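All remarks here apply to the structure that follows.
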Amino acid sequence: MILGGGGPPIPGSFETTGRGPRLLSGGGRRATVISTASTVAVLAALVAIFLLAPGSAQVRHTFFSPANMWQAFVGNPKKGYYSVGAALWLNIRMFIAAEILILIVALVIALVRLSTSPVMFPFRVLSMIYVDFFRGVPLLLVILAIGFGVPALRLPFVSAQAVAVYGVAALVLSYSAYVSEVYRAGLNSVHQSQVAAARSLGLSQATTLRHVVLPQAVRNVIPPLLNDFISLQKDTALVGVLGAIEANEAAQIYSSTVFNYSSYTVAAILFLLLTIPLARFTDRVIDRDRRRRLAGAQP
Amino acid sequence: MTAPEAAPGARPPAEGEAIRIEGLHKSFGAHQVLRGIDLSVATHEVICLIGASGSGKSTLLRCLNLLEPIDAGRISLWGQEITGTGVDPNLVRKYIGIVFQSFNLFPHMTVLRNITLAPVKARGVPRAQAEEEARALLDRFGLLDRQADYPDRLSGGQQQRVAIVRALAMRPQIMLLDEVTSALDPELVGEVLDVIRELAAGGMTMLIATHEMGFARDIANRVCFLAEGAIVEDAPPSELFTNPKDERTRRFLRRIVEAGRL
């Protein structure tokens, strides 16, 4: 109860009773009534502005036409457009493949950067350049460079992949740079005395890393890791520029075929359905972690 | 270390000189922490290191465990030099356990896992056997009911006793204790000192850095007073505490007495 006040939760209010951050501050029934009224007023104002705007009817037709939204969702190849809902499956597959690869590649980069052996010096420099480079270049440019550059090389096998594969490769290259920094922060957060304790017991450096340092490091950075993955979920939409029929690209094809933007609304709703559960899950992890720490402070 | 490892699992001889330290120097940057330490410890001997904070007690223990590389001098265990090149520190550490002031238990593992990790991963003991041995040790020190707990559920005294058990699970021949009661609330010091007394009674060779002068007087065969990285005085406790020879020892003990700790 960091934000919540006293008093029992009131049915129908926004106040959460269990896990998760409380949306309400202040105490009791009066605060709940005020916040409910305030919420209703703000929402009503926003809806009123939308409905009373001079171009409201036009916008409602082009962005929120139920018939167009349904058409875009199910698709109709005979009329030249694809199902946005089916196309989302490609986003999901790209996301899962990229996420697994990123977790591995980023860990390797982080470990190289934190290595101390003189033999590793050139690799340390390379990993530093890598992280600087891919954090600095916009993801869209990386996708374009990989997606159009690698096939143009006309190498056997490497240049003959589906566009989604190049998209995933670009996502992995770019996100691994970010995630390696998250890992690095986590590895640094494990106190040196833990390493001393493990090594003093005769454990090798590798065993110490595997059983003592990494589990604590990863636990410390799960919230920022999940945060990066929420962002990765929607960045899969950028792969559409290569012509991969993912949800955003399918929506664009619909809009340029039928001249109605409701397909983008469908894509937006689908992405929200994808990212919100992960966001709530992240909240729960953070909350559980906080409660564990609080419990630990009073043995 | 070569000879004691000739046969896997072979133990060093249980008698004679266990540790010999000759001309040990150690600096951190420009700061000279140890300036020529010479010390010989017999098997089964208990030696307490006393001295002000920063006198080099902890660094000496960390050098013995090879946690700190030394700058000059040599350390031998049962006649085998361990500070030369080509010595596997992981092998040396199987003979020397160390317990730290801040416990350093692994917070993400239960008490039982804390204790069995090293025997399983470093000594190759089957897990079931390691757990059985760990439970026996926990039972011996009255901690069996905490085996499934995570360290943060334990009191400081319990955590430190678990840390001692964790070091003992590697069956070391020598134990180094680095101010193991300094981080504890006064009422928890006794239970940890009792554990150390039991180890001494069992014949464990020990080097103990401590601020507990009464305890040092009880348990030590010899007490070494360190100042500015050197052993100023090395004598049996009856002698060192009642009739210190060196002026610096006298001054240190006087301050301790004034602080009410002796």
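By order in the structure tokens, chains are A, B, ...; within a chain, residues start at 1; ligands start at 1, following the order shown.
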
What are the closest atom pairs, with distances in Å to one decimal, for each residue of chain B lying within 10 Å of chain A, using only C-alpha atoms, rows by chain and rising residue number, as JSON lines?
{"residue": "B:Arg62", "atom": "CA", "partner": "A:Ser200", "partner_atom": "CA", "distance": 9.0}
{"residue": "B:Asn65", "atom": "CA", "partner": "A:Ser200", "partner_atom": "CA", "distance": 6.7}
{"residue": "B:Leu66", "atom": "CA", "partner": "A:Ser200", "partner_atom": "CA", "distance": 8.2}
{"residue": "B:Leu67", "atom": "CA", "partner": "A:Ala196", "partner_atom": "CA", "distance": 7.0}
{"residue": "B:Glu68", "atom": "CA", "partner": "A:Ala196", "partner_atom": "CA", "distance": 9.9}
{"residue": "B:Asp88", "atom": "CA", "partner": "A:Gly202", "partner_atom": "CA", "distance": 9.8}
{"residue": "B:Pro89", "atom": "CA", "partner": "A:Gly202", "partner_atom": "CA", "distance": 7.5}
{"residue": "B:Asn90", "atom": "CA", "partner": "A:Gly202", "partner_atom": "CA", "distance": 4.4}
{"residue": "B:Leu91", "atom": "CA", "partner": "A:Gly202", "partner_atom": "CA", "distance": 6.7}
{"residue": "B:Val92", "atom": "CA", "partner": "A:Gly202", "partner_atom": "CA", "distance": 7.8}
{"residue": "B:Arg93", "atom": "CA", "partner": "A:Gly202", "partner_atom": "CA", "distance": 5.1}
{"residue": "B:Lys94", "atom": "CA", "partner": "A:Gly202", "partner_atom": "CA", "distance": 5.7}
{"residue": "B:Tyr95", "atom": "CA", "partner": "A:Gly202", "partner_atom": "CA", "distance": 9.1}
{"residue": "B:Ile96", "atom": "CA", "partner": "A:Ser200", "partner_atom": "CA", "distance": 8.2}
{"residue": "B:Gly97", "atom": "CA", "partner": "A:Leu201", "partner_atom": "CA", "distance": 6.7}
{"residue": "B:Ile98", "atom": "CA", "partner": "A:Ser200", "partner_atom": "CA", "distance": 6.6}
{"residue": "B:Val99", "atom": "CA", "partner": "A:Ala197", "partner_atom": "CA", "distance": 8.1}
{"residue": "B:Phe100", "atom": "CA", "partner": "A:Ala197", "partner_atom": "CA", "distance": 8.0}
{"residue": "B:Ser102", "atom": "CA", "partner": "A:Ser193", "partner_atom": "CA", "distance": 8.5}
{"residue": "B:Phe103", "atom": "CA", "partner": "A:Ala197", "partner_atom": "CA", "distance": 8.6}
{"residue": "B:Asn104", "atom": "CA", "partner": "A:Gln194", "partner_atom": "CA", "distance": 5.8}
{"residue": "B:Leu105", "atom": "CA", "partner": "A:Gln194", "partner_atom": "CA", "distance": 7.5}
{"residue": "B:Phe106", "atom": "CA", "partner": "A:Val212", "partner_atom": "CA", "distance": 6.9}
{"residue": "B:Pro107", "atom": "CA", "partner": "A:Gln216", "partner_atom": "CA", "distance": 8.1}
{"residue": "B:His108", "atom": "CA", "partner": "A:Gln216", "partner_atom": "CA", "distance": 6.8}
{"residue": "B:Met109", "atom": "CA", "partner": "A:Val212", "partner_atom": "CA", "distance": 9.0}
{"residue": "B:Asn114", "atom": "CA", "partner": "A:Ala198", "partner_atom": "CA", "distance": 9.8}
{"residue": "B:Ile115", "atom": "CA", "partner": "A:Leu201", "partner_atom": "CA", "distance": 10.0}
{"residue": "B:Leu117", "atom": "CA", "partner": "A:His211", "partner_atom": "CA", "distance": 8.5}
{"residue": "B:Ala118", "atom": "CA", "partner": "A:Leu201", "partner_atom": "CA", "distance": 6.1}
{"residue": "B:Pro119", "atom": "CA", "partner": "A:Leu201", "partner_atom": "CA", "distance": 8.7}
{"residue": "B:Val120", "atom": "CA", "partner": "A:Leu203", "partner_atom": "CA", "distance": 9.8}
{"residue": "B:Lys121", "atom": "CA", "partner": "A:Leu203", "partner_atom": "CA", "distance": 6.9}
{"residue": "B:Ala122", "atom": "CA", "partner": "A:Leu203", "partner_atom": "CA", "distance": 5.4}
{"residue": "B:Arg123", "atom": "CA", "partner": "A:Gly202", "partner_atom": "CA", "distance": 8.4}
{"residue": "B:Tyr150", "atom": "CA", "partner": "A:Gly296", "partner_atom": "CA", "distance": 9.1}
{"residue": "B:Pro151", "atom": "CA", "partner": "A:Gly296", "partner_atom": "CA", "distance": 8.7}
{"residue": "B:Asp152", "atom": "CA", "partner": "A:Gly296", "partner_atom": "CA", "distance": 5.1}
{"residue": "B:Arg153", "atom": "CA", "partner": "A:Pro299", "partner_atom": "CA", "distance": 4.4}
{"residue": "B:Leu154", "atom": "CA", "partner": "A:Pro299", "partner_atom": "CA", "distance": 5.8}
{"residue": "B:Ser155", "atom": "CA", "partner": "A:Pro299", "partner_atom": "CA", "distance": 6.5}
{"residue": "B:Gly156", "atom": "CA", "partner": "A:Pro299", "partner_atom": "CA", "distance": 9.4}
{"residue": "B:Ala163", "atom": "CA", "partner": "A:Ala197", "partner_atom": "CA", "distance": 9.4}
{"residue": "B:Arg166", "atom": "CA", "partner": "A:Leu201", "partner_atom": "CA", "distance": 8.3}
{"residue": "B:Ala167", "atom": "CA", "partner": "A:Leu201", "partner_atom": "CA", "distance": 6.6}
{"residue": "B:Leu168", "atom": "CA", "partner": "A:Leu201", "partner_atom": "CA", "distance": 9.5}
{"residue": "B:Ala169", "atom": "CA", "partner": "A:Leu201", "partner_atom": "CA", "distance": 9.3}
{"residue": "B:Met170", "atom": "CA", "partner": "A:Leu201", "partner_atom": "CA", "distance": 7.2}
{"residue": "B:Pro172", "atom": "CA", "partner": "A:Leu201", "partner_atom": "CA", "distance": 9.5}

Computed interatomic separation between atom CA of A:Ser159 and atom CA of A:Ala244 (Å): 15.8 Å

Who sits within 9 Å of A:Gly240, only C-alpha atoms, same chain under 5 positions skipped, as a ChimeraX atom specification: /A:164,167,245-250

Extract, using only C-alpha atoms, all DNA, RNA and protein residues at most 12 Å from A:Val239, discarding same-chain residues fewer than 2 positions from it, and format them as a tab-separated table (two decimals) with N, CA and C atoms, in the first residue's frame.
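Below you can see selection_13.tsv, which holds the result:
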chain	number	residue	atom	x	y	z
A	90	LEU	N	2.36	-13.13	-38.11
A	90	LEU	CA	3.76	-12.95	-38.50
A	90	LEU	C	4.49	-12.08	-37.47
A	91	ASN	N	3.82	-11.03	-36.98
A	91	ASN	CA	4.44	-10.20	-35.94
A	91	ASN	C	4.78	-11.04	-34.71
A	94	MET	N	7.75	-13.29	-35.45
A	94	MET	CA	9.00	-12.51	-35.50
A	94	MET	C	9.42	-12.10	-34.09
A	95	PHE	N	8.42	-11.71	-33.31
A	95	PHE	CA	8.70	-11.27	-31.94
A	95	PHE	C	9.33	-12.40	-31.12
A	139	LEU	N	16.41	2.05	-35.89
A	139	LEU	CA	16.06	0.67	-36.23
A	139	LEU	C	15.58	0.56	-37.68
A	140	LEU	N	14.82	1.57	-38.12
A	140	LEU	CA	14.28	1.52	-39.48
A	140	LEU	C	15.40	1.43	-40.51
A	141	LEU	N	16.48	2.17	-40.28
A	141	LEU	CA	17.61	2.14	-41.22
A	141	LEU	C	18.29	0.78	-41.19
A	142	VAL	N	18.39	0.18	-40.01
A	142	VAL	CA	19.02	-1.15	-39.91
A	142	VAL	C	18.19	-2.16	-40.70
A	143	ILE	N	16.84	-2.06	-40.54
A	143	ILE	CA	15.96	-2.99	-41.26
A	143	ILE	C	16.12	-2.82	-42.77
A	144	LEU	N	16.16	-1.58	-43.23
A	144	LEU	CA	16.32	-1.33	-44.67
A	144	LEU	C	17.67	-1.83	-45.16
A	145	ALA	N	18.72	-1.57	-44.39
A	145	ALA	CA	20.07	-1.97	-44.82
A	145	ALA	C	20.18	-3.48	-44.93
A	146	ILE	N	19.67	-4.18	-43.91
A	146	ILE	CA	19.75	-5.64	-43.92
A	146	ILE	C	18.81	-6.21	-44.98
A	147	GLY	N	17.58	-5.69	-45.00
A	147	GLY	CA	16.53	-6.26	-45.85
A	147	GLY	C	16.79	-6.07	-47.33
A	148	PHE	N	17.40	-4.96	-47.70
A	148	PHE	CA	17.69	-4.74	-49.12
A	148	PHE	C	19.16	-5.01	-49.44
A	162	ALA	N	13.55	-15.37	-46.62
A	162	ALA	CA	12.32	-14.59	-46.63
A	162	ALA	C	12.59	-13.22	-45.99
A	163	VAL	N	11.79	-12.21	-46.39
A	163	VAL	CA	12.03	-10.87	-45.84
A	163	VAL	C	11.90	-10.86	-44.33
A	164	ALA	N	10.98	-11.68	-43.79
A	164	ALA	CA	10.79	-11.69	-42.34
A	164	ALA	C	12.09	-12.10	-41.63
A	165	VAL	N	12.87	-12.96	-42.26
A	165	VAL	CA	14.13	-13.39	-41.65
A	165	VAL	C	15.09	-12.21	-41.54
A	166	TYR	N	15.16	-11.38	-42.60
A	166	TYR	CA	16.02	-10.19	-42.52
A	166	TYR	C	15.49	-9.22	-41.48
A	167	GLY	N	14.16	-9.16	-41.41
A	167	GLY	CA	13.56	-8.29	-40.39
A	167	GLY	C	13.97	-8.73	-38.99
A	168	VAL	N	13.87	-10.03	-38.74
A	168	VAL	CA	14.25	-10.55	-37.41
A	168	VAL	C	15.74	-10.28	-37.16
A	169	ALA	N	16.57	-10.50	-38.19
A	169	ALA	CA	18.00	-10.26	-38.03
A	169	ALA	C	18.26	-8.81	-37.63
A	170	ALA	N	17.56	-7.88	-38.28
A	170	ALA	CA	17.75	-6.46	-37.96
A	170	ALA	C	17.28	-6.16	-36.54
A	171	LEU	N	16.13	-6.73	-36.15
A	171	LEU	CA	15.63	-6.52	-34.79
A	171	LEU	C	16.63	-7.04	-33.77
A	232	LEU	N	9.74	-4.14	-28.29
A	232	LEU	CA	10.07	-5.01	-29.43
A	232	LEU	C	8.81	-5.52	-30.12
A	233	GLN	N	7.78	-5.84	-29.34
A	233	GLN	CA	6.54	-6.35	-29.91
A	233	GLN	C	6.00	-5.42	-30.97
A	234	LYS	N	5.98	-4.12	-30.69
A	234	LYS	CA	5.40	-3.23	-31.69
A	234	LYS	C	6.39	-2.84	-32.77
A	235	ASP	N	7.69	-2.92	-32.47
A	235	ASP	CA	8.68	-2.59	-33.51
A	235	ASP	C	8.74	-3.65	-34.60
A	236	THR	N	8.12	-4.82	-34.36
A	236	THR	CA	8.05	-5.80	-35.46
A	236	THR	C	7.27	-5.22	-36.62
A	237	ALA	N	6.43	-4.20	-36.36
A	237	ALA	CA	5.64	-3.58	-37.43
A	237	ALA	C	6.53	-2.89	-38.46
A	241	VAL	N	8.16	-2.47	-43.93
A	241	VAL	CA	8.77	-1.67	-45.01
A	241	VAL	C	9.49	-2.55	-46.02
A	242	LEU	N	9.84	-3.77	-45.61
A	242	LEU	CA	10.51	-4.68	-46.54
A	242	LEU	C	9.50	-5.41	-47.42
A	243	GLY	N	8.19	-5.22	-47.13
A	243	GLY	CA	7.16	-5.90	-47.90
A	243	GLY	C	6.63	-7.15	-47.22
A	244	ALA	N	7.10	-7.43	-46.01
A	244	ALA	CA	6.56	-8.56	-45.26
A	244	ALA	C	5.12	-8.22	-44.89
A	245	ILE	N	4.21	-9.16	-45.10
A	245	ILE	CA	2.81	-8.88	-44.81
A	245	ILE	C	2.55	-9.10	-43.33
A	246	GLU	N	3.00	-8.14	-42.51
A	246	GLU	CA	2.65	-8.20	-41.09
A	246	GLU	C	1.46	-7.25	-40.89
A	247	ALA	N	1.00	-7.12	-39.67
A	247	ALA	CA	-0.28	-6.45	-39.44
A	247	ALA	C	-0.31	-5.03	-39.99
A	248	ASN	N	0.76	-4.28	-39.78
A	248	ASN	CA	0.79	-2.89	-40.20
A	248	ASN	C	0.80	-2.78	-41.73
A	249	GLU	N	1.58	-3.66	-42.36
A	249	GLU	CA	1.66	-3.65	-43.82
A	249	GLU	C	0.31	-4.07	-44.42
A	250	ALA	N	-0.32	-5.09	-43.80
A	250	ALA	CA	-1.64	-5.51	-44.29
A	250	ALA	C	-2.64	-4.37	-44.18

Residues flagged helix (DSSP H, G or I) by DSSP in stretch 88-162 of chain A, as a ChimeraX atom specification: /A:88-114,118-136,139-152,158-160

I'd like the neighbourhood of A:Ser115 as an mmCIF file with C-alpha atoms, in the first residue's frame, where a residue qualifies if any of its atoms comes within 12 Å (using only C-alpha atoms), though same-chain residues fewer than 3 positions away should be ignored.
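This is the output file part19.cif:
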data_model
loop_
_atom_site.group_PDB
_atom_site.id
_atom_site.type_symbol
_atom_site.label_atom_id
_atom_site.label_comp_id
_atom_site.auth_asym_id
_atom_site.auth_seq_id
_atom_site.Cartn_x
_atom_site.Cartn_y
_atom_site.Cartn_z
ATOM 1 C CA VAL A 108 27.218 -12.864 -24.832
ATOM 2 C CA ILE A 109 27.913 -9.195 -25.620
ATOM 3 C CA ALA A 110 27.472 -8.183 -21.984
ATOM 4 C CA LEU A 111 29.801 -10.931 -20.773
ATOM 5 C CA VAL A 112 32.431 -9.957 -23.329
ATOM 6 C CA PRO A 118 43.830 -9.379 -21.708
ATOM 7 C CA VAL A 119 43.129 -11.987 -24.404
ATOM 8 C CA MET A 120 39.591 -10.627 -24.689
ATOM 9 C CA PHE A 121 40.735 -7.050 -25.303
ATOM 10 C CA PRO A 122 39.926 -6.898 -29.050
ATOM 11 C CA PHE A 123 36.522 -8.473 -28.417
ATOM 12 C CA ARG A 124 35.808 -5.966 -25.667
ATOM 13 C CA VAL A 125 36.541 -3.142 -28.091
ATOM 14 C CA SER A 127 31.460 -5.234 -28.456
ATOM 15 C CA ARG A 184 25.501 -5.327 -17.970
ATOM 16 C CA LEU A 187 25.740 -8.100 -13.727
ATOM 17 C CA ASN A 188 27.271 -5.012 -12.146
ATOM 18 C CA GLN A 205 34.846 -18.693 -12.564
ATOM 19 C CA ALA A 206 32.348 -20.294 -14.951
ATOM 20 C CA LEU A 209 28.969 -16.943 -13.108
#

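Candidate residues A:Leu226, A:Val258, A:Val182, A:Val105 were compared for distance to A:Thr282, and the nearest is A:Leu226, using only C-alpha atoms.
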
From B:Val257, B:Ile75, B:Ala220, B:Ala52, residue lying nearest B:Asp38 [only C-alpha atoms]: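 The shortest atom-to-atom distance to B:Asp38 comes from B:Ile75.
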
Distance of atom CA of B:Glu212 from atom CA of B:Ala200, expressed in Å to one decimal place: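 Computing the Euclidean distance for atom CA of B:Ala200 and atom CA of B:Glu212 yields 15.9 Å.
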
Residue contacts of stretch 139-147 of chain B (10 Å, only C-alpha atoms) excluding same-chain residues fewer than 5 positions away, as a list in words: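 Residues near the query, excluding close chain neighbours: Thr110, Val111, Leu112, Arg113, Asn114, Ile115, Glu131, Glu133, Ala134, Arg153, Leu154, Gln158, Gln159, Arg161, Val162, Ile164, Val165, Glu191, Val192, Asp194, Val195 and Glu198 of chain B.
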
Which of stretch 103-217 of chain B DSSP labels strand (DSSP E or B), written as number ranges by chain: B: 174-178, 205-209
